[in-house]
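Comments concern the structure below.
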Amino acid sequence: MDSDTSELERIANRIRVHVIEMTSSAGSGHPGGSLSSAELMAALFFKVMRHDPSDPGWKGRDRFVLSKGHVAPVLYAALAESGYFPAEELSTLRKMGSRLQGHPVKGKLPGVEMSTGSLGQGLSMACGMAFADKLDKNGRRVYCLLGDGELQSGQIWEAAMFAGHYELSNLTAFIDRNRLQITGDTEKAVGVDPVEDKWKAFRWNTVTINGHNISEILAACETARSSGRPTAVIMNTVKGKGVSFMENNVDFHGRSCKPDEEVQALGELKERC
């Protein structure tokens with residue numbers, strides 16, 4: 001394991017600590033899907049994307065769209081770790097007057113590219129960005145994170161069809177395939193398998209990886225750069241990853257830790273800091 005990968009893993013763990021602390025302080029939020037996305041956020045914000053926290057509106061930046069907007073805590077944690085705003089502000093999550101709303105709101109917080117939360121819409125927004133960038137030939141890339149339960153939304157496939165037709169090679173979609181949504185198993189709610197075949201049918205390049213392996217995430221991003229088509233990265237992940245009692249536990253899709261649970265969760269995570 002190289003030093004870059006080790007550092008990114010440490011950042012992912014700090015992001016997890018922030019997620020537990022801020023959702024516990026708020027007494028609400030969505031920690032499960034935030035924890036399953038931590039390695040991706042570390043890789044994107046600290047290695048892959050071109051961005052400048054000191055100049056959030058920099059025209060040359062790549063952009064990230066959090067389509068599954070309910071996991072805003074993981075985005076806020078990544079932005080704070082990157083230097084977009086002080087980490088101390090994370091404790092204001094979901095509180096009156098806070099810039100850190102339960103779902104991301106563009107214009108409230110630097111680094112938030114799009115207001116999201118109504119599931120299914122983020123990929124369409126990302127397509128619009130990528131299409132405009134392709135017309136402008138400016139070299140920017142757009143990255144979009146989707147939930148696997150979100151694939152049950154028809155608008156996702158309208159956007160996928162558009163991106164495939166216009167060969168938006170500057171667009172990469174990451175699917176957090178943790179197989180749990182608020183009602184339980186995604187396949188028992190409305191089955192989305194075979195996920196990879198669906199994206200291929202819409203003329204996307206596809207890569208399936210372990211979404212907790214930094215090296216595989218970085219390799220998938222390199223593959224996306226060299227593809228002449230949009231790329232869907234299907235990340236096999238564990239909901240609640242990193243905290244023993246939260247892993248694969250649907251209860252933590254949309255509830256925060258109780259005080260004793262927070263102590264245990266932070267104890268487990270901080271051992272790896």
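Residue numbers start at 1 in each chain; chains themselves are named A, B, ... in the order of the structure tokens; ligands are numbered from 1 in the order shown.
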
Every residue of stretch 40-258 of chain A that DSSP places in alpha helix (DSSP H), as number ranges by chain: A: 40-43, 72-82, 122-136, 154-165, 186-190, 195-201, 214-226

Give me every strand (DSSP E or B) residue in stretch 59-239 of chain A, going by DSSP on the backbone, as a ChimeraX atom specification. /A:63-66,142-147,171-177,180-181,184-185,205-210,231-236

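Within 12 Å of A:Ser215, once only C-alpha atoms are used and residues closer than 6 positions along the same chain are dropped, the contacting residues are Met1, Asp2, Ser3, Asp4, Thr5, Ser6, Glu7, Leu8, Glu9, Glu39, Leu40, Ala42, Ala43, Lys47, Val48, Ile209, Cys221 and Glu222 of chain A.
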
Report as a VMD selection string all protein, DNA and RNA residues lying within 9 Å of A:Leu109, evaluated on only C-alpha atoms, omitting residues in the same chain fewer than 2 positions from it. chain A and resid 76 84 to 85 99 to 100 104 to 107 111 to 112

Writer output for current selection, C-alpha atoms, as an mmCIF file, in the first residue's frame:
data_model
loop_
_atom_site.group_PDB
_atom_site.id
_atom_site.type_symbol
_atom_site.label_atom_id
_atom_site.label_comp_id
_atom_site.auth_asym_id
_atom_site.auth_seq_id
_atom_site.Cartn_x
_atom_site.Cartn_y
_atom_site.Cartn_z
ATOM 1 C CA TYR A 76 -20.098 18.272 4.671
ATOM 2 C CA TYR A 84 -14.057 24.923 2.595
ATOM 3 C CA PHE A 85 -15.209 25.908 6.092
ATOM 4 C CA ARG A 99 -25.666 26.468 6.747
ATOM 5 C CA LEU A 100 -25.575 22.691 7.091
ATOM 6 C CA PRO A 104 -27.372 20.184 0.601
ATOM 7 C CA VAL A 105 -28.513 23.658 -0.471
ATOM 8 C CA LYS A 106 -26.566 25.455 -3.185
ATOM 9 C CA GLY A 107 -25.635 28.977 -2.157
ATOM 10 C CA GLY A 111 -18.466 23.611 -2.285
ATOM 11 C CA VAL A 112 -22.113 22.568 -2.672
#

Considering only C-alpha atoms, give me a table of residues in stretch 133-181 of chain A that are at most 8 Å from stretch 195-207 of chain A, with the closest atom pair and distance in Å for each, as CSV.
residue,atom,partner,partner_atom,distance
A:Ala160,CA,A:Phe202,CA,6.2
A:Met161,CA,A:Phe202,CA,5.3
A:Gly164,CA,A:Arg203,CA,4.9
A:His165,CA,A:Arg203,CA,7.4

Can you spit out the residues from that selection as a CSV table (one decimal), in the first residue's frame, using C-alpha atoms?
chain,number,residue,atom,x,y,z
A,160,ALA,CA,-28.6,7.7,-18.4
A,161,MET,CA,-30.1,7.5,-21.8
A,164,GLY,CA,-25.1,7.6,-23.4
A,165,HIS,CA,-26.6,9.2,-26.5

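With only C-alpha atoms taken into account, the protein and nucleic acid residues at most 7 Å from A:Gly69 (excluding it and anything under 5 positions from it in its own chain) are His103, Pro104, Thr116 and Gly117 of chain A.
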
Quick one: residues within 12 Å of A:Gly149, only C-alpha atoms, excluding same-chain residues fewer than 6 positions away - as a compact mmCIF listing (two decimals) with N, CA and C atoms, in the first residue's frame?
# COMPACT_ATOMS: atom_id res chain seq x y z
N GLY A 33 -25.63 5.44 5.12
CA GLY A 33 -25.16 5.66 3.76
C GLY A 33 -24.03 6.65 3.67
N SER A 67 -26.28 13.17 -5.55
CA SER A 67 -27.68 12.91 -5.91
C SER A 67 -28.46 12.35 -4.73
N LYS A 68 -27.84 11.44 -3.96
CA LYS A 68 -28.53 10.94 -2.77
C LYS A 68 -28.28 11.94 -1.64
N LEU A 119 -34.84 12.32 -4.54
CA LEU A 119 -34.07 11.27 -5.18
C LEU A 119 -34.43 11.09 -6.65
N GLY A 120 -33.39 10.87 -7.45
CA GLY A 120 -33.56 10.65 -8.88
C GLY A 120 -33.18 11.83 -9.74
N ILE A 156 -33.64 8.58 -13.32
CA ILE A 156 -32.26 8.14 -13.43
C ILE A 156 -32.01 7.58 -14.82
N ILE A 175 -22.32 4.41 -8.02
CA ILE A 175 -23.50 3.83 -7.39
C ILE A 175 -23.07 3.17 -6.09
N ASP A 176 -23.59 3.67 -4.97
CA ASP A 176 -23.27 3.12 -3.66
C ASP A 176 -24.14 1.88 -3.45
N ARG A 177 -23.61 0.72 -3.83
CA ARG A 177 -24.39 -0.52 -3.82
C ARG A 177 -24.28 -1.20 -2.46
N ASN A 178 -24.91 -0.58 -1.45
CA ASN A 178 -24.89 -1.18 -0.11
C ASN A 178 -26.11 -2.07 0.15
N ARG A 179 -27.03 -2.11 -0.84
CA ARG A 179 -28.16 -3.04 -0.86
C ARG A 179 -29.21 -2.81 0.24
N LEU A 180 -29.17 -1.64 0.88
CA LEU A 180 -30.18 -1.32 1.88
C LEU A 180 -30.74 0.06 1.64
N GLN A 181 -32.05 0.19 1.74
CA GLN A 181 -32.72 1.48 1.71
C GLN A 181 -33.60 1.57 2.95
N ILE A 182 -34.34 2.64 3.09
CA ILE A 182 -35.03 2.87 4.36
C ILE A 182 -35.99 1.75 4.74
N THR A 183 -36.54 1.05 3.74
CA THR A 183 -37.49 -0.04 4.02
C THR A 183 -36.82 -1.39 4.14
N GLY A 184 -35.52 -1.45 3.90
CA GLY A 184 -34.81 -2.72 3.98
C GLY A 184 -34.05 -3.05 2.72
N ASP A 185 -34.00 -4.32 2.38
CA ASP A 185 -33.27 -4.83 1.22
C ASP A 185 -33.80 -4.20 -0.08
N THR A 186 -32.90 -3.61 -0.87
CA THR A 186 -33.34 -2.98 -2.12
C THR A 186 -34.02 -3.99 -3.05
N GLU A 187 -33.54 -5.22 -3.05
CA GLU A 187 -34.09 -6.20 -3.97
C GLU A 187 -35.48 -6.67 -3.55
N LYS A 188 -35.83 -6.48 -2.28
CA LYS A 188 -37.17 -6.83 -1.83
C LYS A 188 -38.13 -5.66 -2.01
N ALA A 189 -37.60 -4.45 -2.09
CA ALA A 189 -38.45 -3.27 -2.31
C ALA A 189 -38.85 -3.23 -3.78
N VAL A 190 -37.93 -2.83 -4.62
CA VAL A 190 -38.09 -2.91 -6.08
C VAL A 190 -36.71 -3.27 -6.61
N GLY A 191 -36.53 -4.50 -7.02
CA GLY A 191 -35.21 -5.00 -7.40
C GLY A 191 -34.55 -4.19 -8.50
N VAL A 192 -33.27 -3.89 -8.33
CA VAL A 192 -32.54 -3.10 -9.33
C VAL A 192 -31.49 -3.93 -10.07
N ASP A 193 -31.28 -5.17 -9.67
CA ASP A 193 -30.35 -6.02 -10.40
C ASP A 193 -30.94 -6.47 -11.75
N VAL A 195 -27.57 -4.57 -12.09
CA VAL A 195 -27.23 -3.14 -12.19
C VAL A 195 -26.27 -2.86 -13.35
N HIS A 253 -30.08 3.69 8.67
CA HIS A 253 -30.28 4.44 7.43
C HIS A 253 -30.64 5.89 7.76

Got a sec: who's within 10 Å of A:Ser37, counting only C-alpha atoms, leaving out chain neighbours fewer than 6 positions off, as a VMD selection string? chain A and resid 12 15 to 16 71 74 to 75 145 147 174 to 178 211 to 212 235 237 to 241

Output N, CA and C atoms for every residue in the selection just made, as a JSON list (two decimals), in the first residue's frame.
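out.json, freshly written:
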[["chain", "number", "residue", "atom", "x", "y", "z"],
["A", 12, "ALA", "N", -10.56, 9.12, 5.13],
["A", 12, "ALA", "CA", -11.88, 8.48, 5.13],
["A", 12, "ALA", "C", -12.33, 8.18, 6.55],
["A", 15, "ILE", "N", -13.43, 11.36, 8.19],
["A", 15, "ILE", "CA", -14.76, 11.69, 7.67],
["A", 15, "ILE", "C", -15.82, 10.91, 8.43],
["A", 16, "ARG", "N", -15.55, 9.64, 8.70],
["A", 16, "ARG", "CA", -16.51, 8.83, 9.46],
["A", 16, "ARG", "C", -16.71, 9.37, 10.88],
["A", 71, "VAL", "N", -27.49, 11.88, 2.40],
["A", 71, "VAL", "CA", -26.20, 11.61, 3.06],
["A", 71, "VAL", "C", -25.33, 12.86, 3.03],
["A", 74, "VAL", "N", -21.76, 13.21, 4.90],
["A", 74, "VAL", "CA", -20.47, 12.79, 4.34],
["A", 74, "VAL", "C", -19.91, 13.86, 3.42],
["A", 75, "LEU", "N", -20.78, 14.59, 2.72],
["A", 75, "LEU", "CA", -20.31, 15.70, 1.88],
["A", 75, "LEU", "C", -19.79, 16.83, 2.76],
["A", 145, "LEU", "N", -22.73, 11.02, -7.21],
["A", 145, "LEU", "CA", -22.94, 9.86, -6.34],
["A", 145, "LEU", "C", -24.42, 9.55, -6.22],
["A", 147, "GLY", "N", -27.47, 6.64, -4.83],
["A", 147, "GLY", "CA", -27.78, 5.51, -3.98],
["A", 147, "GLY", "C", -28.33, 4.38, -4.82],
["A", 174, "PHE", "N", -21.19, 7.24, -9.64],
["A", 174, "PHE", "CA", -20.82, 6.21, -8.67],
["A", 174, "PHE", "C", -22.11, 5.71, -8.01],
["A", 175, "ILE", "N", -22.32, 4.41, -8.02],
["A", 175, "ILE", "CA", -23.50, 3.83, -7.39],
["A", 175, "ILE", "C", -23.07, 3.17, -6.09],
["A", 176, "ASP", "N", -23.59, 3.67, -4.97],
["A", 176, "ASP", "CA", -23.27, 3.12, -3.66],
["A", 176, "ASP", "C", -24.14, 1.88, -3.45],
["A", 177, "ARG", "N", -23.61, 0.72, -3.83],
["A", 177, "ARG", "CA", -24.39, -0.52, -3.82],
["A", 177, "ARG", "C", -24.28, -1.20, -2.46],
["A", 178, "ASN", "N", -24.91, -0.58, -1.45],
["A", 178, "ASN", "CA", -24.89, -1.18, -0.11],
["A", 178, "ASN", "C", -26.11, -2.07, 0.15],
["A", 211, "GLY", "N", -16.10, -0.77, -3.07],
["A", 211, "GLY", "CA", -16.19, 0.66, -2.80],
["A", 211, "GLY", "C", -15.47, 1.12, -1.55],
["A", 212, "HIS", "N", -14.86, 0.19, -0.81],
["A", 212, "HIS", "CA", -14.07, 0.56, 0.36],
["A", 212, "HIS", "C", -12.57, 0.40, 0.10],
["A", 235, "MET", "N", -20.13, 0.47, -6.93],
["A", 235, "MET", "CA", -19.31, 0.24, -5.74],
["A", 235, "MET", "C", -20.03, -0.69, -4.77],
["A", 237, "THR", "N", -20.54, -1.94, -1.40],
["A", 237, "THR", "CA", -20.20, -1.34, -0.12],
["A", 237, "THR", "C", -21.01, -1.96, 1.02],
["A", 238, "VAL", "N", -20.69, -1.54, 2.23],
["A", 238, "VAL", "CA", -21.39, -1.99, 3.44],
["A", 238, "VAL", "C", -22.01, -0.78, 4.10],
["A", 239, "LYS", "N", -23.31, -0.79, 4.24],
["A", 239, "LYS", "CA", -23.99, 0.31, 4.95],
["A", 239, "LYS", "C", -23.47, 0.37, 6.40],
["A", 240, "GLY", "N", -23.15, 1.58, 6.85],
["A", 240, "GLY", "CA", -22.64, 1.72, 8.21],
["A", 240, "GLY", "C", -21.21, 1.29, 8.37],
["A", 241, "LYS", "N", -20.46, 1.21, 7.27],
["A", 241, "LYS", "CA", -19.09, 0.68, 7.29],
["A", 241, "LYS", "C", -18.21, 1.40, 8.32]]

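Residue nearest A:Leu79, chosen from A:Phe64, A:Phe162, A:Phe45, A:Phe245 and counting only C-alpha atoms: A:Phe45.
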